[in-house]
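Asks: One file: data.cif (mmCIF, C-alpha atoms).
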data_target
#
loop_
_atom_site.label_atom_id
_atom_site.label_comp_id
_atom_site.auth_asym_id
_atom_site.auth_seq_id
_atom_site.Cartn_x
_atom_site.Cartn_y
_atom_site.Cartn_z
CA MET A 1 -28.63 -19.87 14.30
CA LYS A 2 -25.40 -21.84 13.86
CA ARG A 3 -25.34 -20.92 10.18
CA ILE A 4 -25.77 -17.21 10.99
CA ALA A 5 -22.97 -17.32 13.55
CA THR A 6 -20.68 -19.02 11.04
CA ILE A 7 -21.38 -16.35 8.39
CA LEU A 8 -20.82 -13.57 10.92
CA LEU A 9 -17.47 -15.07 11.85
CA LEU A 10 -16.54 -15.38 8.18
CA ILE A 11 -17.46 -11.76 7.41
CA SER A 12 -15.78 -10.30 10.49
CA SER A 13 -12.53 -12.11 9.68
CA MET A 14 -12.62 -10.83 6.08
CA LEU A 15 -13.31 -7.26 7.15
CA LEU A 16 -10.42 -7.36 9.58
CA ASN A 17 -8.16 -8.66 6.84
CA GLY A 18 -9.43 -5.98 4.47
CA GLN A 19 -8.56 -3.22 6.91
CA GLU A 20 -4.99 -4.56 7.26
CA ALA A 21 -4.32 -5.19 3.56
CA GLN A 22 -0.86 -3.85 2.75
CA PHE A 23 1.58 -3.96 -0.13
CA SER A 24 5.01 -5.43 0.53
CA GLN A 25 6.51 -2.63 -1.60
CA TYR A 26 4.66 -0.09 0.50
CA TYR A 27 6.64 2.98 -0.65
CA ALA A 28 5.91 2.16 -4.30
CA ALA A 29 2.22 2.61 -3.37
CA SER A 30 2.88 5.94 -1.67
CA LEU A 31 -0.65 7.40 -1.78
CA TYR A 32 -2.00 4.20 -0.23
CA LEU A 33 0.63 4.52 2.51
CA ASN A 34 0.29 8.22 3.35
CA PRO A 35 -1.73 11.04 1.69
CA GLY A 36 1.08 13.46 2.55
CA PHE A 37 3.28 11.92 -0.15
CA SER A 38 1.54 13.82 -2.96
CA GLY A 39 3.00 17.07 -1.59
CA ILE A 40 6.58 15.80 -1.97
CA TYR A 41 6.70 14.91 -5.66
CA ASN A 42 8.25 17.42 -8.07
CA ASP A 43 7.17 15.71 -11.28
CA ALA A 44 3.97 14.10 -12.48
CA SER A 45 4.11 10.32 -12.16
CA ILE A 46 2.08 7.11 -12.45
CA HIS A 47 2.34 4.26 -9.94
CA MET A 48 0.97 0.72 -10.23
CA ASN A 49 1.17 -2.21 -7.79
CA HIS A 50 -0.23 -5.72 -8.05
CA LYS A 51 0.20 -8.35 -5.32
CA ARG A 52 -1.11 -11.91 -5.50
CA GLN A 53 -0.60 -15.11 -3.56
CA LEU A 54 1.08 -17.96 -5.42
CA GLN A 55 -0.41 -21.07 -3.83
CA SER A 56 -3.16 -22.88 -5.69
CA VAL A 57 -5.68 -22.85 -2.86
CA ASP A 58 -9.25 -21.65 -2.51
CA VAL A 59 -8.31 -18.76 -0.20
CA ILE A 60 -7.64 -15.70 -2.38
CA ASN A 61 -5.56 -12.68 -1.41
CA GLU A 62 -5.05 -10.13 -4.20
CA LEU A 63 -4.30 -6.38 -4.04
CA THR A 64 -4.08 -3.83 -6.86
CA GLN A 65 -3.60 -0.06 -6.86
CA VAL A 66 -3.10 2.55 -9.58
CA SER A 67 -2.37 6.17 -8.77
CA PHE A 68 -1.52 9.35 -10.64
CA ILE A 69 0.26 12.25 -8.91
CA PHE A 70 0.85 15.70 -10.32
CA PRO A 71 2.66 18.58 -8.54
CA ILE A 72 1.30 22.09 -8.16
CA LYS A 73 3.82 24.72 -9.34
CA PRO A 74 2.29 28.20 -9.58
CA ASN A 75 5.71 29.80 -10.17
CA GLY A 76 6.54 27.77 -13.26
CA PRO A 77 7.54 24.22 -14.20
CA TYR A 78 11.16 24.63 -13.06
CA GLU A 79 10.28 25.71 -9.51
CA ARG A 80 9.71 23.38 -6.60
CA SER A 81 6.11 22.40 -6.01
CA ILE A 82 4.05 23.93 -3.22
CA GLY A 83 2.00 20.75 -3.00
CA GLY A 84 0.43 18.11 -5.12
CA ALA A 85 -2.82 16.42 -6.10
CA GLY A 86 -3.51 12.83 -6.99
CA ILE A 87 -6.02 10.14 -7.82
CA MET A 88 -5.82 6.57 -6.54
CA ALA A 89 -7.92 3.49 -7.38
CA PHE A 90 -7.64 0.37 -5.21
CA ASN A 91 -9.05 -3.16 -5.35
CA GLU A 92 -8.81 -6.06 -2.92
CA LYS A 93 -10.12 -9.61 -3.21
CA SER A 94 -9.86 -11.97 -0.26
CA GLY A 95 -11.47 -14.82 1.59
CA PHE A 96 -12.63 -18.25 0.51
CA ARG A 97 -12.92 -18.22 -3.30
CA GLY A 98 -12.77 -14.42 -3.24
CA VAL A 99 -16.06 -14.05 -1.39
CA TYR A 100 -15.03 -10.56 -0.19
CA GLU A 101 -14.12 -7.68 -2.51
CA ARG A 102 -13.31 -4.04 -1.71
CA SER A 103 -12.97 -1.37 -4.40
CA SER A 104 -12.30 2.32 -3.86
CA ILE A 105 -11.30 5.51 -5.62
CA PHE A 106 -9.75 8.49 -3.83
CA ALA A 107 -8.91 12.11 -4.60
CA ASN A 108 -5.78 13.32 -2.81
CA TYR A 109 -4.34 16.76 -2.03
CA ALA A 110 -1.30 17.77 0.02
CA HIS A 111 0.34 21.12 0.75
CA ASN A 112 3.99 21.42 1.75
CA ILE A 113 5.89 23.89 3.90
CA LYS A 114 9.63 24.40 3.27
CA PHE A 115 12.06 25.99 5.68
CA GLY A 116 15.75 26.06 6.61
CA LEU A 117 18.82 26.89 4.51
CA LEU A 118 18.02 26.21 0.84
CA SER A 119 14.74 24.60 1.93
CA ALA A 120 16.54 21.69 3.56
CA TYR A 121 13.40 20.80 5.55
CA LEU A 122 9.97 20.01 4.18
CA VAL A 123 6.65 19.17 5.85
CA SER A 124 3.75 17.93 3.72
CA ILE A 125 0.18 17.61 5.04
CA GLY A 126 -2.30 15.65 2.95
CA VAL A 127 -5.90 14.49 2.94
CA GLN A 128 -7.80 11.85 0.92
CA VAL A 129 -11.52 11.67 0.30
CA GLY A 130 -12.98 8.76 -1.59
CA TYR A 131 -15.77 6.34 -2.31
CA GLU A 132 -15.49 2.72 -1.20
CA LEU A 133 -17.62 -0.26 -2.28
CA ARG A 134 -17.55 -3.60 -0.45
CA LYS A 135 -19.11 -6.77 -1.85
CA LEU A 136 -19.87 -10.27 -0.60
CA ASP A 137 -20.26 -12.89 -3.31
CA PHE A 138 -22.07 -15.80 -1.68
CA SER A 139 -22.47 -17.49 -5.07
CA ASN A 140 -18.87 -18.72 -4.74
CA LEU A 141 -19.80 -20.76 -1.65
CA SER A 142 -21.51 -24.14 -1.42
CA TRP A 143 -24.39 -24.65 1.02
CA GLY A 144 -25.85 -27.77 2.55
CA SER A 145 -29.35 -26.79 1.42
CA GLN A 146 -28.09 -26.89 -2.19
CA TYR A 147 -27.38 -30.61 -1.90
CA ASN A 148 -29.75 -32.85 -3.86
CA PRO A 149 -29.96 -36.40 -2.44
CA PHE A 150 -30.39 -37.86 -5.94
CA PHE A 151 -27.39 -36.39 -7.81
CA GLY A 152 -25.46 -34.31 -5.27
CA TYR A 153 -24.65 -30.60 -5.27
CA ASP A 154 -27.05 -28.46 -7.32
CA ASN A 155 -25.95 -24.85 -7.86
CA THR A 156 -29.30 -23.96 -9.43
CA LEU A 157 -30.92 -24.06 -6.00
CA PRO A 158 -31.24 -20.64 -4.27
CA ILE A 159 -28.55 -19.42 -1.87
CA PRO A 160 -29.97 -19.53 1.69
CA VAL A 161 -28.57 -16.16 2.80
CA THR A 162 -31.11 -13.47 3.64
CA GLU A 163 -29.53 -11.94 6.77
CA PHE A 164 -27.02 -9.77 4.88
CA ASN A 165 -26.82 -7.31 2.02
CA ASP A 166 -24.41 -8.38 -0.70
CA GLN A 167 -22.83 -4.92 -1.02
CA GLN A 168 -22.19 -1.84 1.07
CA ASN A 169 -20.70 1.59 0.23
CA ASN A 170 -19.23 4.54 2.11
CA ILE A 171 -17.45 7.84 1.86
CA VAL A 172 -14.00 7.45 3.46
CA VAL A 173 -11.64 10.18 4.72
CA ASN A 174 -7.92 9.61 5.34
CA ALA A 175 -5.12 12.04 6.28
CA GLY A 176 -1.37 12.05 6.77
CA ILE A 177 1.70 14.16 7.37
CA MET A 178 5.27 13.69 6.09
CA TYR A 179 8.51 15.29 7.29
CA TYR A 180 11.51 15.25 4.96
CA PHE A 181 15.11 16.35 5.50
CA ASN A 182 17.23 17.12 2.42
CA PRO A 183 14.37 16.60 -0.06
CA GLU A 184 16.70 17.35 -3.01
CA ARG A 185 18.95 14.48 -1.92
CA ASN A 186 21.96 16.71 -2.43
CA TYR A 187 24.91 15.01 -0.74
CA LEU A 188 27.24 17.92 -1.45
CA LEU A 189 25.51 19.98 1.27
CA HIS A 190 24.29 17.15 3.53
CA THR A 191 25.62 13.69 4.33
CA TYR A 192 22.20 12.01 4.33
CA SER A 193 18.48 12.47 3.71
CA GLY A 194 15.63 11.17 5.83
CA PHE A 195 11.89 11.18 6.31
CA LEU A 196 9.18 10.39 8.86
CA GLY A 197 5.43 10.09 8.40
CA ILE A 198 2.18 9.22 10.12
CA SER A 199 -1.24 8.64 8.57
CA ALA A 200 -4.70 7.61 9.72
CA THR A 201 -7.47 5.94 7.73
CA ASN A 202 -11.24 6.04 8.31
CA LEU A 203 -11.20 9.40 10.11
CA ASN A 204 -14.95 9.68 9.62
CA ARG A 205 -15.51 6.13 11.01
CA PRO A 206 -17.87 4.92 8.24
CA ASN A 207 -20.40 2.18 8.93
CA THR A 208 -19.11 -1.06 7.37
CA SER A 209 -21.93 -3.39 8.45
CA PHE A 210 -23.62 -5.51 5.78
CA THR A 211 -26.87 -5.53 7.76
CA THR A 212 -29.42 -2.73 7.97
CA ASP A 213 -30.24 -3.14 11.67
CA VAL A 214 -26.66 -3.27 13.04
CA GLU A 215 -23.95 -0.61 12.71
CA SER A 216 -20.24 -1.36 12.76
CA GLU A 217 -17.86 1.61 12.64
CA ALA A 218 -14.66 1.05 10.69
CA PRO A 219 -11.64 1.19 13.01
CA MET A 220 -8.96 3.79 12.46
CA LEU A 221 -5.75 2.32 11.10
CA PHE A 222 -2.59 4.24 12.01
CA LYS A 223 0.56 3.91 9.89
CA TYR A 224 3.99 5.16 10.98
CA ASN A 225 6.80 5.12 8.41
CA GLY A 226 10.35 6.37 8.28
CA GLY A 227 13.73 5.94 6.64
CA ILE A 228 17.18 7.42 6.17
CA GLU A 229 19.44 7.31 3.10
CA PHE A 230 23.24 7.42 2.86
CA LYS A 231 25.49 7.57 -0.19
CA PHE A 232 28.61 5.40 -0.37
CA ASP A 233 30.42 5.90 -3.67
CA LYS A 234 27.96 4.56 -6.26
CA TYR A 235 25.61 2.95 -3.71
CA PHE A 236 22.59 4.56 -2.09
CA ILE A 237 21.58 2.67 1.04
CA MET A 238 18.31 3.25 2.87
CA PRO A 239 17.09 1.38 5.97
CA SER A 240 13.35 1.91 6.44
CA LEU A 241 10.45 0.83 8.61
CA LEU A 242 6.66 0.69 8.69
CA TYR A 243 4.54 0.17 11.81
CA LEU A 244 0.76 -0.31 11.72
CA ASN A 245 -1.71 -0.19 14.60
CA LEU A 246 -5.33 -1.30 14.27
CA ARG A 247 -7.45 -1.88 17.40
CA ASN A 248 -4.25 -2.49 19.37
CA ASN A 249 -3.17 -5.11 16.84
CA HIS A 250 0.34 -4.44 15.60
CA GLN A 251 2.31 -5.08 12.44
CA PHE A 252 5.98 -4.13 12.11
CA ASN A 253 8.00 -4.07 8.87
CA ALA A 254 11.71 -3.27 8.71
CA GLY A 255 14.23 -3.59 5.94
CA LEU A 256 17.00 -2.25 3.76
CA ASN A 257 16.98 -0.88 0.22
CA VAL A 258 20.06 -0.50 -1.97
CA ALA A 259 20.39 1.33 -5.30
CA TYR A 260 23.53 0.82 -7.36
CA ALA A 261 24.10 3.61 -9.89
CA PRO A 262 27.21 2.79 -11.98
CA GLY A 263 27.11 6.20 -13.66
CA SER A 264 26.63 8.10 -10.42
CA GLY A 265 28.36 11.40 -9.87
CA ARG A 266 30.03 12.43 -6.65
CA TYR A 267 26.92 13.89 -5.07
CA ARG A 268 23.95 12.59 -7.12
CA ALA A 269 22.78 9.43 -8.83
CA LYS A 270 22.93 9.49 -12.61
CA GLY A 271 21.90 7.07 -15.30
CA SER A 272 20.37 3.63 -14.88
CA GLN A 273 20.23 1.94 -11.49
CA LEU A 274 19.94 -1.58 -10.13
CA LEU A 275 17.62 -1.87 -7.12
CA PHE A 276 17.73 -4.43 -4.33
CA GLY A 277 15.81 -4.78 -1.10
CA VAL A 278 15.14 -7.10 1.81
CA TRP A 279 12.49 -6.71 4.54
CA TYR A 280 11.14 -8.67 7.44
CA ARG A 281 7.49 -8.46 8.45
CA LEU A 282 7.60 -9.40 12.12
CA ARG A 283 6.37 -12.94 12.81
CA ASP A 284 5.10 -13.23 9.25
CA SER A 285 7.32 -12.95 6.17
CA PHE A 286 10.74 -12.41 4.68
CA ILE A 287 10.52 -10.19 1.58
CA LEU A 288 13.09 -9.99 -1.23
CA MET A 289 12.97 -7.31 -3.92
CA GLY A 290 14.86 -6.67 -7.15
CA GLY A 291 14.37 -4.03 -9.80
CA VAL A 292 15.81 -1.62 -12.31
CA LYS A 293 15.52 2.09 -13.05
CA MET A 294 15.91 3.14 -16.68
CA GLN A 295 15.47 6.84 -17.40
CA SER A 296 11.96 7.66 -16.15
CA LEU A 297 10.80 4.05 -15.67
CA ILE A 298 11.18 1.95 -12.52
CA VAL A 299 10.15 -1.71 -12.34
CA ARG A 300 10.40 -3.80 -9.16
CA VAL A 301 9.46 -7.39 -8.34
CA SER A 302 9.25 -8.76 -4.79
CA TYR A 303 8.59 -12.15 -3.26
CA ASP A 304 7.05 -12.83 0.18
CA MET A 305 8.30 -15.98 1.92
CA ASN A 306 6.15 -16.71 4.95
CA SER A 307 8.10 -17.65 8.07
CA THR A 308 7.33 -20.50 10.48
CA LEU A 309 10.19 -19.71 12.85
CA PHE A 310 7.92 -18.65 15.70
CA ASP A 311 5.05 -21.13 15.29
CA PRO A 312 6.03 -24.76 14.59
CA ASN A 313 2.37 -25.76 14.33
CA ARG A 314 1.55 -23.28 11.58
CA ASN A 315 0.09 -24.81 8.42
CA ILE A 316 2.51 -23.78 5.69
CA ASP A 317 0.04 -24.81 2.99
CA LEU A 318 -2.09 -21.80 3.93
CA ALA A 319 0.82 -19.41 4.44
CA GLN A 320 0.09 -17.68 1.14
CA ASN A 321 3.55 -16.86 -0.17
CA SER A 322 3.00 -14.06 -2.65
CA MET A 323 4.60 -12.03 -5.41
CA GLU A 324 4.25 -8.32 -6.11
CA ILE A 325 5.19 -6.17 -9.09
CA SER A 326 5.34 -2.39 -9.08
CA ILE A 327 5.80 0.01 -11.99
CA GLN A 328 6.52 3.72 -11.67
CA TYR A 329 6.84 6.16 -14.54
CA SER A 330 7.86 9.79 -14.07
CA PHE A 331 7.14 12.54 -16.58
CA SER A 332 10.27 14.38 -15.46
CA LYS A 333 12.26 16.29 -18.08
CA ASN A 334 15.41 15.42 -16.12
CA ALA A 335 15.26 11.67 -15.58
CA ASN A 336 18.69 11.56 -13.90
CA ALA A 337 17.84 13.88 -11.02
CA ARG A 338 16.90 12.13 -7.77
CA ARG A 339 14.92 14.89 -6.14
CA ALA A 340 12.29 14.19 -3.51
CA SER A 341 9.67 11.93 -4.93
CA ASN A 342 9.14 8.40 -3.80
CA PRO A 343 11.73 8.06 -0.98
CA LEU A 344 12.69 4.63 -2.27
CA PHE A 345 14.27 5.75 -5.55
#
Have the structure of the file written as structure tokens, please.
Replies:
Amino acid sequence: MKRIATILLLISSMLLNGQEAQFSQYYAASLYLNPGFSGIYNDASIHMNHKRQLQSVDVINELTQVSFIFPIKPNGPYERSIGGAGIMAFNEKSGFRGVYERSSIFANYAHNIKFGLLSAYLVSIGVQVGYELRKLDFSNLSWGSQYNPFFGYDNTLPIPVTEFNDQQNNIVVNAGIMYYFNPERNYLLHTYSGFLGISATNLNRPNTSFTTDVESEAPMLFKYNGGIEFKFDKYFIMPSLLYLNLRNNHQFNAGLNVAYAPGSGRYRAKGSQLLFGVWYRLRDSFILMGGVKMQSLIVRVSYDMNSTLFDPNRNIDLAQNSMEISIQYSFSKNANARRASNPLF
């Protein structure tokens, strides 16, 4: 009974962590953040993120996503999109020796509504439907019953776990809405641009239990994001925030992004750009980011430094400082234009 309780505690903690898994460069993984983002893009683009802890410990925390977004333009390639479609694949490994793994693939569609003078306001409503597979790999764990008194641990002995299935799959439905002011980022007509969004995961509340006789509905995770951008000479400065709520557990991220465009015109960014960013994940991490934009390619690297300011007894060896890289490539025919796409450059 003690062994069963221990495994249940292990699995429940991993599932909770899996539901909260987030990228530090959350806007670079826009479809993972909010399905409404696919209705904002004007050009087809590819996005990739990979985040991994740096410590050499047995507890693994690794996230990867790849997404492809293409706009829908029934009036021709030079018109603004009326919406967009996308595909996203996601993988997470976590827990002791990577005992827990979650893989999913989603189809995404969003439709936008434009209004105001020269379509200065835009609302995009999106939905995601996908297939998700969760796995438990007990072979990575060592069990007392696999101990041989003559020569020690023997991994050829059977794993004594019969209470759980080693994999579980579901259909998952997510949805989101984005509001955008000045989506063209034209600072001749407006002094700033800004956006707000809200999304919800697991709208259909899929059963995530690894047992056949017990059901466990996945909790809905709510994400609230927003930001505002100002232009000062050749600098584009954007404070932004992300707030997550899961079963009344809260996570708050706030920070500042700066793009320096040396070839910038008076009202738009032109040419290559240097990208900088700093965030703080409340009671968790300081995040530093640096990157570069060259024509249609954007590459960013960020580093999470876990904070012990609020808990002097925290074990820093398990803090899991991590590094993340993101790559974005746009198929735009006008690489210099900074129209609405990913709000963070």
Asks: Can you list, as a ChimeraX atom specification, the residues that the PyMOL selection byres ((chain A and resi 221) around 6) selects here?
Replies: /A:200-201,220,222,245-246
Asks: Would you mind reading off the distance between atom CA of Asp137 of chain A and atom CA of Gln22 of chain A, one decimal, in Å?
Replies: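 Calculated distance between atom CA of Asp137 of chain A and atom CA of Gln22 of chain A is 22.2 Å.
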Asks: Which residues match the PyMOL selection byres ((chain A and resi 87) around 6) in the file above, as a PDB file with C-alpha atoms, in the frame of the given file?
Replies:
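Result file out-v5.pdb:
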ATOM      1  CA  SER A  67      -2.370   6.170  -8.770  1.00  0.00           C
ATOM      2  CA  PHE A  68      -1.520   9.350 -10.640  1.00  0.00           C
ATOM      3  CA  GLY A  86      -3.510  12.830  -6.990  1.00  0.00           C
ATOM      4  CA  MET A  88      -5.820   6.570  -6.540  1.00  0.00           C
ATOM      5  CA  PHE A 106      -9.750   8.490  -3.830  1.00  0.00           C
ATOM      6  CA  ALA A 107      -8.910  12.110  -4.600  1.00  0.00           C
ATOM      7  CA  ASN A 108      -5.780  13.320  -2.810  1.00  0.00           C
TER       8      ASN A 108
END
Asks: Taking the file as shown, what set of residues would the PyMOL selection byres ((chain A and resi 256) around 12) give back, as a VMD selection string?
Replies: chain A and resid 25 226 to 230 236 to 242 253 to 255 257 to 259 275 to 280 286 to 290 344
Asks: Is there a way to get, as a PyMOL selection string, all residues within 7 Å of the point (2.6, -7.0, -12.5) in file coordinates, counting all atoms listed in the file?
Replies: chain A and resi 49-50+324-326
Asks: Give the answer as one residue: which of A:Tyr121, A:Asp304, A:Asn248, A:Pro71 has the shortest atom-to-atom distance to Ser332 of chain A, using all atoms listed in the file?
Replies: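 Under the stated criterion, the closest residue is A:Pro71.
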Asks: Just give me the gap between atom CA of Gly76 of chain A and atom CA of Leu188 of chain A in Å, one decimal is fine.
Replies: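 Rounded to one decimal, the two atoms are 25.8 Å apart.
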Asks: Hey, can you check how far atom CA of Ala110 of chain A sits from atom CA of Leu33 of chain A?
Replies: 13.6 Å
Asks: Taking into account all atoms listed in the file, which residue in the set A:Phe210, A:Tyr192, A:Phe70, A:Tyr109 is nearest to Asn34 of chain A?
Replies: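 Ranked by minimum distance to Asn34 of chain A, first place goes to A:Tyr109.
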Asks: Give me, as a list in words, all polymer residues having an atom no more than 7 Å from Phe181 of chain A, counting all atoms listed in the file and skipping those fewer than 4 positions away in the same chain.
Replies: Ala120, Tyr121, Leu122, Ser193, Gly194 and Phe195 of chain A
Asks: Can you pull out the residues contacting Ser94 of chain A? Cut-off 6 Å, using all atoms listed in the file, and skip same-chain residues under 3 positions away; I want them as a VMD selection string.
Replies: chain A and resid 60 to 61 98 100
Asks: For Phe115 of chain A, please output as a list in words all residues within 12 Å (counting only C-alpha atoms; exclusion window: fewer than 2 positions along the same chain).
Replies: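 Everything that qualifies: Asn112, Ile113, Leu117, Leu118, Ser119, Ala120, Tyr121, Leu122, Val123, Ser124, Tyr179, Tyr180, Phe181, Asn182 and Pro183 of chain A.
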Asks: Any chance you could export the current selection's C-alpha atoms as an mmCIF file, in the coordinates of the input?
Replies:
data_model
loop_
_atom_site.group_PDB
_atom_site.id
_atom_site.type_symbol
_atom_site.label_atom_id
_atom_site.label_comp_id
_atom_site.auth_asym_id
_atom_site.auth_seq_id
_atom_site.Cartn_x
_atom_site.Cartn_y
_atom_site.Cartn_z
ATOM 1 C CA ASN A 112 3.990 21.420 1.750
ATOM 2 C CA ILE A 113 5.890 23.890 3.900
ATOM 3 C CA LEU A 117 18.820 26.890 4.510
ATOM 4 C CA LEU A 118 18.020 26.210 0.840
ATOM 5 C CA SER A 119 14.740 24.600 1.930
ATOM 6 C CA ALA A 120 16.540 21.690 3.560
ATOM 7 C CA TYR A 121 13.400 20.800 5.550
ATOM 8 C CA LEU A 122 9.970 20.010 4.180
ATOM 9 C CA VAL A 123 6.650 19.170 5.850
ATOM 10 C CA SER A 124 3.750 17.930 3.720
ATOM 11 C CA TYR A 179 8.510 15.290 7.290
ATOM 12 C CA TYR A 180 11.510 15.250 4.960
ATOM 13 C CA PHE A 181 15.110 16.350 5.500
ATOM 14 C CA ASN A 182 17.230 17.120 2.420
ATOM 15 C CA PRO A 183 14.370 16.600 -0.060
#
Asks: Excluding Lys223 of chain A and residues on its chain fewer than 2 positions from it, collect all residues at most 6 Å away from it, counting all atoms listed in the file, and give them as number ranges by chain.
Replies: A: 198-199, 243-244
Asks: Name the closest residue to Met323 of chain A among the candidates A:Ala28, A:Val129, A:Met294, A:Met305; distances are taken between atoms, counting only C-alpha atoms.
Replies: A:Met305
Asks: Counting all atoms listed in the file, write as a list in words all protein and nucleic acid residues lying at most 9 Å from (8.2, 22.5, -7.4) in the file's frame.
Replies: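 The residues that fall inside the cut-off are Ile40, Tyr41, Asn42, Asp43, Pro71, Ile72, Lys73, Pro74, Asn75, Gly76, Pro77, Tyr78, Glu79, Arg80, Ser81, Ile82 and Gly83 of chain A.
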Asks: Can you work out which one of A:Gln328, A:Leu189, A:Glu101, A:Ala175 has the shortest atom-to-atom distance to Val66 of chain A, counting only C-alpha atoms?
Replies: A:Gln328
Asks: Between A:Asn202, A:Asn186, A:Ser272, A:Gln65, which residue has the minimum interatomic distance to Val173 of chain A, considering only C-alpha atoms?
Replies: A:Asn202
Asks: Using all atoms listed in the file, which of A:Gln251, A:Lys51, A:Pro219, A:Tyr27 sits nearest Ser302 of chain A?
Replies: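 Nearest candidate to Ser302 of chain A out of A:Gln251, A:Lys51, A:Pro219, A:Tyr27: A:Lys51.
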